[in-house]
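Working notes for the structure below.
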Amino acid sequence: MSLEAHSQKQREIEELPQVTIRFAGDSGDGMQLTGTQFTNTSAIFGNDVSTMPDFPAEIRAPAGTVYGVSGFQLQFSSSDIYTPGDVVDCLVAMNPAALKVNLRDLKHGGVIILNEDGFTEQTLKLAGMEKNPLKDGSLGKYTVHTIPMTQSTVRACEEVGLTGKGAARCKNFFALGIVCWLYSRPLEPIIEFIDTKFKDKEQLREANTRVLKAGYFFGETAELFTRVFRVRKAHLPPGVYREVHGNEALAIGLITAGQLANKPIFYGSYPITPASDILHELARHKQFGVKTMQAEDEIAAICSALGASFGGALGVTASAGPGIALKMEALGLAVMVELPLVVINVQRGGPSTGLPTKVEQADLFQAIVGRNGECPLPVIAPQSPSDCFQTAIDAIRIATKFMTPVMVLSDGFIANSAEPWRFPDADSLEPIEVEHPEETNGEDGSFLPYMRDEWLSRPWALPGTPGLMHRIGGLEKEDVTGNVSYDPENHQRMVDLRQEKVDKVADFLPEQEVLNDPDGTAELLIIGWGSTYGAIRETTRRLMRKGTRVAHVQLRHLNPFPKNFGAILERYADRPILVPEMNKGQLALLIRGRYLIDAKPLTKVQGRPFTTTEIMESVEHLLAERGKVAK
Amino acid sequence: MSLEAHSQKQREIEELPQVTIRFAGDSGDGMQLTGTQFTNTSAIFGNDVSTMPDFPAEIRAPAGTVYGVSGFQLQFSSSDIYTPGDVVDCLVAMNPAALKVNLRDLKHGGVIILNEDGFTEQTLKLAGMEKNPLKDGSLGKYTVHTIPMTQSTVRACEEVGLTGKGAARCKNFFALGIVCWLYSRPLEPIIEFIDTKFKDKEQLREANTRVLKAGYFFGETAELFTRVFRVRKAHLPPGVYREVHGNEALAIGLITAGQLANKPIFYGSYPITPASDILHELARHKQFGVKTMQAEDEIAAICSALGASFGGALGVTASAGPGIALKMEALGLAVMVELPLVVINVQRGGPSTGLPTKVEQADLFQAIVGRNGECPLPVIAPQSPSDCFQTAIDAIRIATKFMTPVMVLSDGFIANSAEPWRFPDADSLEPIEVEHPEETNGEDGSFLPYMRDEWLSRPWALPGTPGLMHRIGGLEKEDVTGNVSYDPENHQRMVDLRQEKVDKVADFLPEQEVLNDPDGTAELLIIGWGSTYGAIRETTRRLMRKGTRVAHVQLRHLNPFPKNFGAILERYADRPILVPEMNKGQLALLIRGRYLIDAKPLTKVQGRPFTTTEIMESVEHLLAERGKVAK
Amino acid sequence: MSVTEQPRKYTVKDFGSDQDVRWCPGCGDYSILSAVKKVLAEEGVPPEQYAFVSGIGCSSRFPYYVNTYGMHSIHGRAMAVATGLKVARPDVHTFVITGDGDALSIGGNHTIHTLRRNVDITILLFNNQIYGLTKGQYSPTSPFGKKTKSTPMGSLDQPIAPMALALAAEATFMARTIDMHPKHLMATIKRAMEHKGTSFVEIYQNCNIFNDGALDYAQDRKVRAENVIELEHGKPLLFGKDLDKGIVFDGRQLTVAQVGENGVTKDDLLVHDEKDSESYHAMLTRMKYPELPEPIGVFRSVQRPTYEELVNGQISEVIARKGKGDLKKLIEGRSTWEVREEGA
Amino acid sequence: MSVTEQPRKYTVKDFGSDQDVRWCPGCGDYSILSAVKKVLAEEGVPPEQYAFVSGIGCSSRFPYYVNTYGMHSIHGRAMAVATGLKVARPDVHTFVITGDGDALSIGGNHTIHTLRRNVDITILLFNNQIYGLTKGQYSPTSPFGKKTKSTPMGSLDQPIAPMALALAAEATFMARTIDMHPKHLMATIKRAMEHKGTSFVEIYQNCNIFNDGALDYAQDRKVRAENVIELEHGKPLLFGKDLDKGIVFDGRQLTVAQVGENGVTKDDLLVHDEKDSESYHAMLTRMKYPELPEPIGVFRSVQRPTYEELVNGQISEVIARKGKGDLKKLIEGRSTWEVREEGA
Ligand SMILES: Cc1ncc(C[n+]2csc(CCOP(=O)(O)OP(=O)(O)O)c2C)c(N)n1
Ligand SMILES: Cc1ncc(C[n+]2csc(CCOP(=O)(O)OP(=O)(O)O)c2C)c(N)n1
Ligand code: SF4
Ligand code: SF4
Ligand SMILES: [Mg+2]
Ligand SMILES: [Mg+2]
């Protein structure tokens with residue numbers, strides 16, 4: 001008999017289509033781990049899941065303070081979902097600060113599970129709360145469960161001889177046990193995890209397992225809970241799944257691209273939140289020949305990657321806004337020397353240092369036009385954690401085919417969120433063909449490094465190849481020969497050629513898909529890019545249920561735009577076009593400027609993703625304005 | 001009897017409305033000096049003048065090579081002019097390479113003055129010329145004067161005991177003498193210049209003066225010239241004039257602004273073409289309390305300027321494209337800490353190292369949106385060399401009033417060109433009021449560094465002021481208090497406030513003027529910015545003479561746009577709107593995106609300014625398209 | 001540092017800001033903060049006369065916690081900001097707070113150039129041999145082979161010795177001290193503040209979250225005496241619990257000698273000299289644990305005019321020579337001409 | 001350097017490119033170019049095995065003039081580019097050509113970090129103590145008080161000694177030579193190329209347009225012997241036309257001693273040792289004209305694994321241990337689950 005079957009039998013079980021939970025506590029409380037484990041067990045159970053960690057910029061701010069609160073939100077569902085949820089159904093709060101910071105996102109009537117031991121006079125003071133919310137009735141509109149988690153944890157640990165601080169530190173597993181019980185989750189995957197993690201630490205393994213179970217049984221035993229909930233398996237497309245985070249998927253995608261191109265990845269990078277994990281992940285996979293270098297700064301990082309590309313490796317670098325700013329000069333060089341290079345920007349809140357751990361999409365202009373001179377390059381944005389895998393491969397495919405740097409615009413939300421991923425079979429992936437000339441290409445037997453092929457791409461001749469010696473650099477170069485040239489007409493030609501080459505990438509890409517509107521009769525068009533995908537997708541589905549059909553275009557390719565993008569815009573020109581972005585309307589401005597179409601920006605710059613409600617309201621408002629109130 | 005009166009008497013004198021001359025020779029031939037002196041004497045004579053130096057990126061490439069050619073073009077005129085001329089009337093070429101590089105700009109039937117001694121077998125070879133153009137008849141369509149300048153110079157020098165290389169080096173003054181004679185220019189100002197320059201070098205002074213006169217008399221004596229030319233004084237507005245280069249005017253403007261604000265200028269900069277001369281000029285004026293620092297790189301340059309601003313000085317920094325790229329991260333910090341700062345970009349050909357000594361306007365996007373995050377700041381562009389003076393003052397006025405960094409977009413053309421300047425009386429300039437609080441501004445006696453005034457500007461409290469201690473930085477800050485804040489709504493508020501503040505600058509600025517169209521009935525509107533002013537102005541005048549009236553808006557303020565700019569666009573919405581730019585249409589895209597108006601870009605990216613002919617053709621084409629062929 | 005008011009008594013509290021300190025409990029940064037506040041309180045100079053400029057990193061949060069003027073700037077650039085501030089405002093005592101990543105990785109170049117300019121600022125480099133704020137990657141001072149998130153098989157570059165770099169950059173004042181040695185820490189900070197010119201202080205600091213114990217050999221009272229030499233001007237280089245070991249130079253290398261053995265006496269030992277002993281200072285900067293004990297205290301303290309003095313000196317000089325700038329003349333330039341009314 | 005073909009005879013011409021050399025007539029860069037081409041011709045390695053990477057500056061135009069692979073990158077960043085190239089392609093012999101501004105002003109940080117990594121590249125720093133390409137501003141190696149366009153009243157920062165900086169950055173090979181001393185120049189370049197690891201060569205170079213004669217004391221044959229010491233491994237530090245002056249250490253400083261006077265014999269002199277004599281090397285780097293003669297030749301040449309060896313070593317090690325990467329497994333990750341067909 002599984003734990004589940006055993007323990008749920010006496011309680012009323014309520015079926016729910018989906019649930020959003022947020023775990024919140026101190027940075028040191030292990031909330032990220034708790035959330036991850038809950039996600040994992042839910043995914044394995046068969047739900048669709050979507051997560052959103054939210055941690056402070058401080059490493060481990062003094063316990064109990066509001067700025068030290070670390071949160072992890074996830075939605076798990078019996079149907080496919082695209083966001084970690086708008087409002088929280090259940091909040092687990094380990095101390096007053098966690099409660100204070102997160103309460104506003106809890107739905108009316110939601111469940112609160114509190115660690116009673118975390119609510120002391122001191123922690124209340126640290127959180128700046130004058131009254132104890134457990135006592136002043138201010139939580140009246142919620143269902144509150146106050147549980148002495150620390151004490152219970154310590155007690156469970158005593159049994160295996162673990163005492164004091166070490167014991168108390170396991171309390172997150174107690175909380176996890178309770179929540180697993182409440183939502184009828186299997187414990188096995190978590191116990192497996194504990195077994196692996198503490199393989200060599202018998203006592204801790206034992207203690208954590210006991211605490212987890214203690215929490216679970218507490219739920220069952222205590223009279224606190226009158227009902228438990230169940231969220232059925234989702235009807236996901238059949239296949240083998242894993243869970244994947246955005247940064248992880250980017251790293252795996254890069255390695256995969258390297259294998260597909262039969263070339264080593266050279267990754268030069270300087271740590272920065274939220275991009276560092278790509279470096280960490282890549283550094284763990286040296287058996288694929290990946291070379292990672294922690295450079296002295298972002299400039300050295302990109303320059304070393306470019307040097308590696310000159311040598312024939314796949315040069316990659318990543319950073320976040322402030323670090324990308326530093327790379328711009330060298331990126332100009334990459335455009336000029338026309339070598340493949342992938343630059344990943346995991347966008348975070350700006351400007352300047354801004355909000356390092358929060359999400360934003362305000363670096364789009366920087367990516368497309370933020371350099372000196374006319375300096376075009378392809379820009380791609382993944383739209384979900386798992387999509388990062390394909391994006392990395394696409395980036396390298398474009399970079400090598402067109403001999404160009406490519407910018408990938410991920411963001412802090414995608415980077416740290418996880419979702420189930422029906423990963424592809426490695427054998428099914430299309431190889432990336434890369435050619436290096438061995439022969440000269442000039443009529444007189446000379447080598448012409450700027451002779452172009454039908455894609456306007458120049459030859460990637462590698463050092464070591466006899467007879468193809470050539471020099472490249474940042475000064476303007478003569479068409480075809482690549483020699484330095486200050487000639488006016490040549491400069492115009494080269495500026496035009498570099499632009500045309502990037503424009504040509506559109507011919508190489510698939511056409512843009514329009515979601516949700518097979519016959520072109522939708523009432524409105526939403527255009528999104530990057531991580532807004534989930535929220536927009538969920539919005540269009542909610543609207544559909546309400547009887548409003550809204551077409552959805554999610555741009556993965558921001559420069560150049562897909563070939564049919566203009567035609568799509570024309571098709572919807574007579575209807576409202578809405579562009580939700582986590583910035584002040586950057587994509588909207590580009591679309592308006594390029595196509596002279598009245599695309600309406602819906603902007604949000606709050607360091608957190610759109611909720612479906614926000615987008616829905618905006619859609620309804622636009623439709624109402626047109627005198628066509630959404631039904 | 002003046003030299004002029006004396007020597008012109010026997011020749012036929014032809015009156016011309018204006019003349020364009022280009023001096024061209026090796027980098028070491030002193031062509032810049034020659035051009036400058038000719039300009040000077042013409043200006044003092046009373047012509048309007050406009051100049052354009054054109055020098056190679058190499059310091060002094062081996063003599064005789066085409067890439068070592070240095071040129072200086074000027075137009076002098078009997079009416080007011082705005083450009084250095086489209087086509088050259090008279091080309092002075094010291095060697096075959098100079099002839100080769102510059103011939104294409106000479107008008108049919110133009111005058112060529114050649115240094116015969118510079119045309120040897122070796123120099124012909126160095127210039128890659130198979131035949132001697134002096135002999136093969138290829139110059140048939142021009143009026144060619146071949147003069148043994150080196151020999152004549154050496155002979156003139158011998159008289160004062162100067163021999164060998166030193167003597168030959170004076171040959172530019174011989175050429176200058178000839179040209180002065182040919183165009184009836186007075187020699188006095190040049191002789192005065194020689195006197196000052198070689199104050200302590202008797203022999204050189206004597207030699208150069210003699211050579212200059214020898215050239216002049218050669219013109220008179222030799223039978224080569226059948227006519228001489230005269231360009232009458234221009235009817236310029238009365239007043240006292242000087243000649244000024246763009247970079248010089250920027251430097252003087254900055255110092256003036258410092259004096260008007262009663263504050264020292266701190267100028268942190270790293271040398272780069274074509275911005276270095278601002279540093280050189282400022283470093284010469286320490287008696288105004290200007291502090292200049294040659295920093296280790298562009299990042300240190302802007303950061304030190306920002307530090308100085310924090311201390312209460314007027315922090316200024318300048319660079320060109322690649323260096324500006326490096327400043328972007330710190331510029332984001334400046335936006336966040338809301339301190340006054342002026343960043344000057346003397347734009348050059350890009351991308352990357354590009355064409356370091358050539359002109360371009362392709363850094364507009366970089367200036368307005370080229371940073372991470374939503375990071376707005378005011379952007380101003382001077383439209384002529386002398387306008388740089390006022391631009392520098394305006395920049396500092398805006399920076400201090402709004403507590404914001406301001407970007408000034410000059411370019412390599414403006415920087416090195418000169419024009420007569422009817423400079424203002426220092427006493428007539430309006431002071432720049434700057435306040436530093438001495439008292440706290442919070443209700444509880446605390447100091448609130450992000451409390452705003454009616455312009456949304458925050459107080460500039462200086463270190464050393466008792467009671468106003470505060471901390472600023474690049475993390476998002478809480479509205480009013482300036483404390484670090486990760487709060488979502490606060491972030492939105494601050495992002496909005498920073499934008500609104502910059503938008504408000506428009507309220508502070510004069511309305512945009514429309515030139516050439518008092519009654520709003522012009523057939524077309526041209527919108528320009530920066531150094532295209534001259535070419536556009538001259539175009540509209542030429543068109544006027546042909547009976548076509550074209551309105552002209554020259555934007556000095558590129559962010560925010562002037563308050564009435566939208567209204568102007570609306571007024572002309574039914575007519576073609578043309579936006580000439582030395583880039584691929586950056587301003588046009590912004591106008592289109594913001595106002596949804598079909599502004600047509602006219603682009604040129606050749607490292608040299610528009611000619612009036614190019615703009616005129618584009619206007620006529622647009623008008624023709626509308627079925628209204630320009631008469 | 002110039003003082004504008006009569007010295008009055010200040011307390012540590014006067015230098016504490018109203019912001020909660022957000023470092024991890026147990027972090028070495030706390031003791032440095034406390035030492036700095038104590039030293040400032042003792043100086044008797046009002047808080048508004050100080051400015052703290054920092055880059056980015058855990059250490060760089062420091063300015064928020066002192067009630068003075070402050071700027072938490074961007075990663076690696078604090079010294080450039082401080083230089084501008086000091087040149088503009090020689091009257092403000094300017095500190096730079098930085099970390100081993102901030103000052104030696106991305107900011108290494110500014111460190112060098114600030115030192116050779118000799119701007120009168122006090123640099124406190126919190127060296128925890130790790131990137132704290134970005135959660136534990138190796139830093140330029142981490143030992144070779146350091147296993148971190150970014151180097152799971154060990155780091156591959158040779159660590160930088162900050163003192164050696166400082167000397168190469170012509171530092172006029174260089175010192176090293178330890179977070180867990182509060183007396184030494186305070187004394188060293190005081191000396192640094194008193195120095196006129198750039199003072200560069202490396203502070204060994206424990207990051208108990210990502211690099212706990214890495215500097216135990218120097219921080220732990222139990223073993224410290226065997227592993228560090230406390231420098232004192234004019235005193236021989238002696239160390240060890242019983243002060244019975246010393247440092248000698250054999251013409252090529254520094255080595256440890258047991259005093260009293262092999263005929264070695266105290267007279268054979270190198271004698272510490274903070275002043276003009278460049279070559280000796282060069283050797284000191286090469287002393288590294290575990291091969292040799294590491295010196296702490298003031299390595300070098302010499303005088304050279306400060307940058308801001310020189311900058312302002314040139315201005316005064318030219319004004320003395322030519323008088324204050326005349327704006328009219330400046331605008332007029334060297335040569336002018338007049339255009340008269342039409343027909344005149 | 002690995003050679004893929006049988007050595008064959010190459011001539012200087014094989015290493016000349018088809019581009020015209022665009023330096024000013026008389027520039028010291030010409031002699032360095034010629035020396036490099038001669039050395040390359042003698043190596044017997046084909047041109048395609050070399051890559052020259054440079055930054056921006058007059059000196060950085062160098063790659064255009066050698067018929068090898070080359071990149072004229074951006075200002076100050078050549079070493080970072082070269083590092084990536086070398087790590088990707090250990091078989092390509094990689095040179096960095098840089099100037100005093102390029103390598104020590106904007107690029108100072110990359111210089112340090114490249115050296116401590118010990119990437120196997122050969123760095124030639126053309127030190128003309130001026131910014132040539134931007135027409136004559138002072139550089140980090142210009143002497144204090146240098147009057148230039150940007151410093152009309154004299155520069156205010158202390159010059160950097162490139163050798164001192166290199167040692168502080170844990171350089172394994174450092175040498176100095178002179179454009180106008182072709183034999184020494186060629187010999188030094190050869191030694192540098194042979195060194196496995198980063199070799200750092202400072203070349204005194206005359207900029208006859210903006211800084212003519214600044215280095216005459218070392219370049220001019222007439223006075224050179226009095227002002228420089230030619231280092232030779234194992235030989236005492238002797239100099240002077242008659243090789244009768246030497247260098248001694250007095251416990252604090254290096255000083256010049258006249259051999260034969262005051263009882264000084266050759267045995268009292270310091271003896272040059274390129275190998276593990278860190279402290280001695282540290283002293284050498286502090287020797288500056290006019291106080292002391294300046295050493296030329298190889299200061300230091302020690303062995304340490306190169307960065308690219310170590311990077312590739314970790315890869316081989318893990319492959320030896322776990323086998324080559326299995327892409328399927330990588331994509332699968334640590335834990336998977338299966339969703340079956342509906343109803344299954
Ligand atoms: C331009 C830029 N690059 C990278 C970062 C990310 N970053 C912040 S602090 C830091 C290193 C911190 O290490 P250290 O200076 O040693 O300070 P500590 O946290 O150890 O006190 C890094 C890489 C950043 N904020 N900005
Ligand atoms: C980012 C950037 N900043 C500044 C410049 C301008 N610049 C080019 S070369 C140079 C300095 C050259 O000096 P050095 O490195 O000593 O080389 P040299 O010309 O003396 O050989 C400068 C400041 C540039 N090209 N790019
Ligand atoms: S991460 Fe390390 S350095 Fe940073 S606050 Fe925590 S203990 Fe201190
Ligand atoms: S400016 Fe100086 S360094 Fe540059 S090429 Fe000319 S002489 Fe050589
Ligand atoms: Mg650190
Ligand atoms: Mg130089």
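Chain labels A, B, ... are given in the sequence in which chains occur in the structure tokens; within each chain residues are numbered consecutively from 1, and ligands are likewise numbered from 1 in the order shown.
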**OP:** Could you please select, counting only C-alpha atoms, the residues of chain B within 6 Å of chain C and state them as a count of residues only?
**Re:** 27
Subject >> Check: which chain D residues lie within 6 Å of chain C using only C-alpha atoms, as a list in words >> reply: Gly108, Asn109, Arg116, Arg117, Asp157, Gln158, Ala164, Leu165, Ala168, Arg252, Gln253, Ser277, Ser279, Tyr280, Ala282 and Met283 of chain D
Selected residues written out, C-alpha atoms, as an mmCIF file, in the first residue's frame:
```cif
data_model
loop_
_atom_site.group_PDB
_atom_site.id
_atom_site.type_symbol
_atom_site.label_atom_id
_atom_site.label_comp_id
_atom_site.auth_asym_id
_atom_site.auth_seq_id
_atom_site.Cartn_x
_atom_site.Cartn_y
_atom_site.Cartn_z
ATOM 1 C CA GLY D 108 45.938 46.552 -18.404
ATOM 2 C CA ASN D 109 43.559 44.131 -16.816
ATOM 3 C CA ARG D 116 48.452 34.611 -14.586
ATOM 4 C CA ARG D 117 46.678 32.093 -16.788
ATOM 5 C CA ASP D 157 50.680 59.952 -12.749
ATOM 6 C CA GLN D 158 53.583 57.735 -11.969
ATOM 7 C CA ALA D 164 56.949 44.784 -12.399
ATOM 8 C CA LEU D 165 53.347 44.430 -13.421
ATOM 9 C CA ALA D 168 52.942 40.706 -9.989
ATOM 10 C CA ARG D 252 66.821 47.306 1.342
ATOM 11 C CA GLN D 253 67.741 48.638 -2.036
ATOM 12 C CA SER D 277 64.248 33.511 -7.905
ATOM 13 C CA SER D 279 62.402 37.819 -4.844
ATOM 14 C CA TYR D 280 65.360 38.641 -7.000
ATOM 15 C CA ALA D 282 60.947 41.364 -8.032
ATOM 16 C CA MET D 283 63.971 43.538 -7.397
#
```
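If you measure from each of C:Val39, C:Thr188, C:Pro152, C:Asn208 to ligand 1 using only C-alpha atoms and all ligand atoms, the closest one turns out to be C:Asn208.
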**OP:** Step one, run DSSP on the backbone; step two, keep only residues of segment 8-253 of chain A assigned to strand (DSSP E); then write them as a VMD selection string.
**Re:** chain A and resid 12 to 16 18 to 26 48 to 54 69 to 77 88 to 93 106 to 115 143 to 147 227 to 231 239 to 245
**OP:** Find the residues around Ile302 of chain A up to 12 Å (only C-alpha atoms counted), leave out those fewer than 4 positions away in its own chain, and share them as a ChimeraX atom specification.
**Re:** /A:266-270,293-298,306-309,314-319,323-334,340-344,405 /D:74,77-85
Subject >> Expected answer as a PyMOL selection string: chain B residues within 6 Å of chain A, only C-alpha atoms >> reply: chain B and resi 321-322+325-326+328-329+332-333+350-354+362-363+366+370-375+474-476+488+491-492+589+592-593+596+605-607
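The residue that comes closest to Thr134 of chain D, out of D:Lys190, D:Tyr30, D:Asp216, D:Ile209 and on the basis of only C-alpha atoms, is D:Ile209.
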Original post:
Given a cut-off of 8 Å, what residues near ligand 3 show up using only C-alpha atoms and all ligand atoms, put as a PyMOL selection string?
Top reply: (chain A and resi 58-61) or (chain C and resi 22-29+57-59+128+130-133+135-136+205-211)
**OP:** Extract, using only C-alpha atoms, all DNA, RNA and protein residues at most 6 Å from segment 386-401 of chain B, discarding same-chain residues fewer than 5 positions from it, and format them as an MDAnalysis selection string.
**Re:** chainID B and resid 246 249:250 253:254 257 340 406 421
Serialized selection, N, CA, C and O atoms, as a PDB file, in the first residue's frame:
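Output saved as part-v9.pdb:
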```
ATOM      1  N   GLY B 246      34.203  72.700 -34.588  1.00  0.00           N
ATOM      2  CA  GLY B 246      33.191  72.091 -33.731  1.00  0.00           C
ATOM      3  C   GLY B 246      33.738  71.673 -32.375  1.00  0.00           C
ATOM      4  O   GLY B 246      33.172  72.007 -31.333  1.00  0.00           O
ATOM      5  N   ALA B 249      34.474  74.619 -30.288  1.00  0.00           N
ATOM      6  CA  ALA B 249      33.266  75.281 -29.801  1.00  0.00           C
ATOM      7  C   ALA B 249      32.652  74.488 -28.648  1.00  0.00           C
ATOM      8  O   ALA B 249      32.122  75.061 -27.696  1.00  0.00           O
ATOM      9  N   LEU B 250      32.741  73.154 -28.727  1.00  0.00           N
ATOM     10  CA  LEU B 250      32.238  72.346 -27.617  1.00  0.00           C
ATOM     11  C   LEU B 250      33.028  72.649 -26.352  1.00  0.00           C
ATOM     12  O   LEU B 250      32.467  72.852 -25.280  1.00  0.00           O
ATOM     13  N   GLY B 253      32.237  76.032 -25.103  1.00  0.00           N
ATOM     14  CA  GLY B 253      30.878  76.013 -24.560  1.00  0.00           C
ATOM     15  C   GLY B 253      30.844  75.392 -23.171  1.00  0.00           C
ATOM     16  O   GLY B 253      30.158  75.875 -22.270  1.00  0.00           O
ATOM     17  N   LEU B 254      31.600  74.315 -22.999  1.00  0.00           N
ATOM     18  CA  LEU B 254      31.618  73.671 -21.686  1.00  0.00           C
ATOM     19  C   LEU B 254      32.213  74.607 -20.632  1.00  0.00           C
ATOM     20  O   LEU B 254      31.673  74.754 -19.534  1.00  0.00           O
ATOM     21  N   ALA B 257      29.723  77.230 -19.842  1.00  0.00           N
ATOM     22  CA  ALA B 257      28.649  76.714 -18.984  1.00  0.00           C
ATOM     23  C   ALA B 257      29.130  76.624 -17.546  1.00  0.00           C
ATOM     24  O   ALA B 257      28.389  76.942 -16.604  1.00  0.00           O
ATOM     25  N   PRO B 340      23.715  65.050 -12.605  1.00  0.00           N
ATOM     26  CA  PRO B 340      24.007  65.684 -13.884  1.00  0.00           C
ATOM     27  C   PRO B 340      25.305  65.134 -14.474  1.00  0.00           C
ATOM     28  O   PRO B 340      26.254  64.848 -13.737  1.00  0.00           O
ATOM     29  N   VAL B 406      23.032  63.739 -19.919  1.00  0.00           N
ATOM     30  CA  VAL B 406      22.572  64.217 -21.229  1.00  0.00           C
ATOM     31  C   VAL B 406      23.594  63.756 -22.258  1.00  0.00           C
ATOM     32  O   VAL B 406      24.789  63.820 -22.003  1.00  0.00           O
ATOM     33  N   TRP B 421      31.960  82.579 -36.942  1.00  0.00           N
ATOM     34  CA  TRP B 421      31.019  82.557 -35.825  1.00  0.00           C
ATOM     35  C   TRP B 421      30.878  83.953 -35.253  1.00  0.00           C
ATOM     36  O   TRP B 421      31.855  84.548 -34.803  1.00  0.00           O
TER      37      TRP B 421
END
```
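Among the candidates D:Leu40, D:Leu124, D:Ala175, D:Ala35, the one nearest to ligand 2 when counting only C-alpha atoms and all ligand atoms is D:Leu124.
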**OP:** Assign secondary structure with DSSP using the backbone only, and return the residues of segment 370-603 of chain B in helix (DSSP H, G or I) as an MDAnalysis selection string.
**Re:** chainID B and resid 387:402 412:416 426:428 488:508 530:545 565:571 586:595
Original post:
When distances are computed from only C-alpha atoms and all ligand atoms, which of B:Asn40, B:Pro271, B:Lys165, B:Glu202 shows the smallest separation from ligand 2?
Top reply: B:Pro271
**OP:** Considering only C-alpha atoms, return as a list of chain:residue names whatever protein or nucleic-acid residues lie within 10 Å of Leu74 of chain A, sequence-local ones (same chain, fewer than 2 positions apart) excluded.
**Re:**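 Contacts, in chain order: A:Val19, A:Thr20, A:Ile21, A:Arg22, A:Phe23, A:Gly35, A:Thr36, A:Phe38, A:Thr39, A:Val49, A:Ser50, A:Thr51, A:Met52, A:Pro53, A:Phe72, A:Phe76, A:Ser77, A:Thr83, A:Pro84, A:Gly85, A:Val88, A:Ser417, A:Ala418, A:Glu419.
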Original post:
Just how far from atom CA of Leu339 of chain B is atom CA of Glu439 of chain B, in Å to one decimal?
Top reply: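 These two atoms are separated by 18.9 Å.
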